[in-house]
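Below is one structure, written out as structure tokens; comments come after it.
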There are 2 protein chains.
Amino acid sequence: MLPAPRLKSSPTEEQAAVVDLTAVVVAFTQDQPRVLVTPGQDRASAADRRMARTELGTAALDALPSGPLEHRHRTLEAGLRAWVETQTGVRLDYVEQLYTFGDRDRMSDAGAGTSRVLSIGYLALAQEVGAPNAGDASWRDWYRYFPWEDWRRGRPAILDRIEKPLRRWAGAGDTKVERAARKERVIVAFGLDGVAWSDERVLERYELLYEVGLVAEARRDGLSIDAKAVDLLHEGQPMAADHRRILATAIARLRGKIKYRPVVFELMPSGFTLLQLQRAVEALAGVRLHKQNFRRLVEQQGLVEETGHIITATGGRPAREVRFREEVVLERLAPGLRLPIARASE
Amino acid sequence: MLPAPRLKSSPTEEQAAVVDLTAVVVAFTQDQPRVLVTPGQDRASAADRRMARTELGTAALDALPSGPLEHRHRTLEAGLRAWVETQTGVRLDYVEQLYTFGDRDRMSDAGAGTSRVLSIGYLALAQEVGAPNAGDASWRDWYRYFPWEDWRRGRPAILDRIEKPLRRWAGAGDTKVERAARKERVIVAFGLDGVAWSDERVLERYELLYEVGLVAEARRDGLSIDAKAVDLLHEGQPMAADHRRILATAIARLRGKIKYRPVVFELMPSGFTLLQLQRAVEALAGVRLHKQNFRRLVEQQGLVEETGHIITATGGRPAREVRFREEVVLERLAPGLRLPIARASE
DNA sequence: TCTGCTTATACTCAACCTTAGCATAAGTAG
DNA sequence: CTACTTATGCTAAGGTTGAGTATAAGCAGA
């Protein structure tokens, strides 16, 4: 411990940081959870571009909309909204702060001595209405970046391919204690050896893969990667800077939140059928739900009310159209949409 | 919307911010939830000191341990730990990031043109072992700052005194819509007119009181206060800067978290009785729990195991001593301590 | 020692919720 | 008219929760 004085340290030690505001804007269309991205920007580091060329052809890496905090932004959230709107044309409704990332050497490229970059990550929910109308932004299925997170059609096959290098890494710890700790992490994060898969451990899984060297960002950042598993590096598409980590944080938060707060309605159009709602929740959580029980839950909790219309484009028997009740939107009732996603079924 | 370029804006607009790390360190002793504070520091603003003199005698305002992020701190968390340790001598175990506060004019004193101050708030849990051994830090019952949050002995009397000015404020809205919206907020936040009290709305309540002008910080920051209710300003003790807001955020987060993650064990000694555990949870949540049901829950979820010892200092029949099971500490099982704190009983 | 007080712990019962179905309704496509 | 699709109603078994009752086992003081 440095003998730092209790009082404010000298001004020369205090560090002025550049603050970056980054948004994970989520929508839901065609049964997929989508995230708003812009193709590689100037803020993608030189290393990003190098990787883009060598590993991904000439395509630049997808990036989340983001921009620096400026003095004209009265609040952080206002700054975020402004950046997202100018970069993508999407006006945000629901916005929630996620996490502030600020490790000194976070960005691979930042030379020593550069001032530190803090990134404040936000989760925003939007209704996808047509294409983004500014820049060349686009909506992307988020499982493109996290293919192992989608269990809607059963356990993703990629997990079988990931498991071996993970276990190899666990077994390669220096000490016995270290090996046991690594194994524990692997098992819990990925639901192996009888431990149940938990839909919320998204960040834990991504960080483990990064540490083990199974995602492309690890190579870019100069970490040693698993040579025997290089082919895995592209199974989940990388993103610029540490945006994939921020996206993982957002997915984890959202998956947790839908279980106790009715936030899904931010993603739904004004009128919808119960199955559409179910599909939205399933898309976010990455699991399938029992249909009858889902409806009962939603109905008995009084989350929705009938609009009186009938939707015939269901492919089967027509469905009643419903909308969220106003009290729910005001979070007055809102004890939450207690979803039957406790244990993930195999 | 400003016609900001999609690419990084000019360096002159980009703003370098000073980053402050602030910790809410929580412990539990003698049936009270405690928070670690230092008496008024130099970082308390001039306005703080003025208020301290005029409204609170010569006593300085309590402040949370905090300090600026410096270049020597490799991670934000490392910086936080360093500051807490030098200022209070307390070494932190469990640490979790809470929220980043960064409104431009957040600190009342910061003159225009000063660079913006960001505060990153953290929640830390500790076992209170004796007094803090550095500086003049001390552990304080957190309900000293939020007397309306403690329902363990029934509905706090202060709520009756607060209710009237709140309703007056609601009725003083300019338009009908505004009045309805205000009333809605008051009712939901404070559990009036049949709405149930929710232990987690701590921040919502504090911010409402601030906005209405019923906490001393509002006066200090130059907001108009309710003249008829000046005597209420001291019922909850104010803190330096916006530390009371950060503390409210921490309490809200912790109250939410104990319901689905077994985090209480961070506050407990290695061995304890079930009643001690119950008292800790009650202290945090601010409500009383049904004893037999609490034990059933804890036991059937396999959170604890017997140590084999018997504690005789209970004041009644001796109790079995238990400890947390290792799997729980590793969060391996950890589906959470589902507590019977759904509805707060009157 | 006996009484009363305190806390610990076992057990119960009714209400409610959840899981995993079965069964039927009402459209469309051929 | 048949096959298929989705919508929707309903139920039995089992689990969880809330609110007790009953009894055990210490201590302090009459």
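Ligands are numbered from 1 in the order shown, chains are lettered A, B, ... in the order of the structure tokens, and residues start at 1 in each chain.
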
Using only C-alpha atoms (C1' of nucleotides), which residues of chain B come within 9 Å of chain C, and what is the closest atom pair for each, with the distance in Å to one decimal? Give it as JSON lines, sorted by chain and residue number.
```
{"residue": "B:Gln292", "atom": "CA", "partner": "C:DT9", "partner_atom": "C1'", "distance": 8.5}
{"residue": "B:Thr314", "atom": "CA", "partner": "C:DT7", "partner_atom": "C1'", "distance": 6.5}
{"residue": "B:Gly315", "atom": "CA", "partner": "C:DT6", "partner_atom": "C1'", "distance": 5.7}
{"residue": "B:Gly316", "atom": "CA", "partner": "C:DT7", "partner_atom": "C1'", "distance": 4.0}
{"residue": "B:Arg317", "atom": "CA", "partner": "C:DT7", "partner_atom": "C1'", "distance": 5.2}
{"residue": "B:Pro318", "atom": "CA", "partner": "C:DA8", "partner_atom": "C1'", "distance": 6.8}
{"residue": "B:Ala319", "atom": "CA", "partner": "C:DA8", "partner_atom": "C1'", "distance": 6.0}
{"residue": "B:Arg320", "atom": "CA", "partner": "C:DA8", "partner_atom": "C1'", "distance": 8.6}
```

Please produce an output containing N, CA and C atoms for each residue in the selection, written as a PDB file, in the first residue's frame.
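Once everything was written out, this is again-v5.pdb:
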```pdb
ATOM      1  N   GLN B 292     -39.952 -19.111  11.997  1.00  0.00           N
ATOM      2  CA  GLN B 292     -39.962 -20.519  11.598  1.00  0.00           C
ATOM      3  C   GLN B 292     -39.826 -20.678  10.094  1.00  0.00           C
ATOM      4  N   THR B 314     -27.611 -17.115  24.063  1.00  0.00           N
ATOM      5  CA  THR B 314     -28.758 -16.664  23.277  1.00  0.00           C
ATOM      6  C   THR B 314     -29.784 -15.928  24.116  1.00  0.00           C
ATOM      7  N   GLY B 315     -29.737 -16.146  25.415  1.00  0.00           N
ATOM      8  CA  GLY B 315     -30.756 -15.533  26.258  1.00  0.00           C
ATOM      9  C   GLY B 315     -31.932 -16.468  26.462  1.00  0.00           C
ATOM     10  N   GLY B 316     -31.836 -17.615  25.861  1.00  0.00           N
ATOM     11  CA  GLY B 316     -32.898 -18.607  25.996  1.00  0.00           C
ATOM     12  C   GLY B 316     -32.297 -19.967  25.783  1.00  0.00           C
ATOM     13  N   ARG B 317     -33.022 -20.819  25.156  1.00  0.00           N
ATOM     14  CA  ARG B 317     -32.480 -22.139  24.862  1.00  0.00           C
ATOM     15  C   ARG B 317     -31.257 -21.977  23.957  1.00  0.00           C
ATOM     16  N   PRO B 318     -30.207 -22.732  24.201  1.00  0.00           N
ATOM     17  CA  PRO B 318     -29.002 -22.636  23.372  1.00  0.00           C
ATOM     18  C   PRO B 318     -29.308 -23.016  21.922  1.00  0.00           C
ATOM     19  N   ALA B 319     -28.534 -22.461  21.031  1.00  0.00           N
ATOM     20  CA  ALA B 319     -28.774 -22.699  19.608  1.00  0.00           C
ATOM     21  C   ALA B 319     -27.607 -23.425  18.966  1.00  0.00           C
ATOM     22  N   ARG B 320     -27.902 -24.152  17.914  1.00  0.00           N
ATOM     23  CA  ARG B 320     -26.843 -24.787  17.135  1.00  0.00           C
ATOM     24  C   ARG B 320     -26.093 -23.687  16.398  1.00  0.00           C
TER      25      ARG B 320
END
```

List every residue of segment 84-260 of chain B that DSSP, applied to the backbone, labels as alpha helix (DSSP H), and write the result as a PyMOL selection string.
chain B and resi 84-88+158-171+176-190+202-212+216-220+243-257

If we count only C-alpha atoms (C1' of nucleotides), which residues of chain D reach to within 12 Å of chain A? Please list them as a PyMOL selection string.
chain D and resi 4-10

Have a look at atom CA of Arg261 of chain A and atom CA of Ala82 of chain A and let me know their distance in Å, one decimal.
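For atom CA of Arg261 of chain A relative to atom CA of Ala82 of chain A, the distance reads 26.8 Å.
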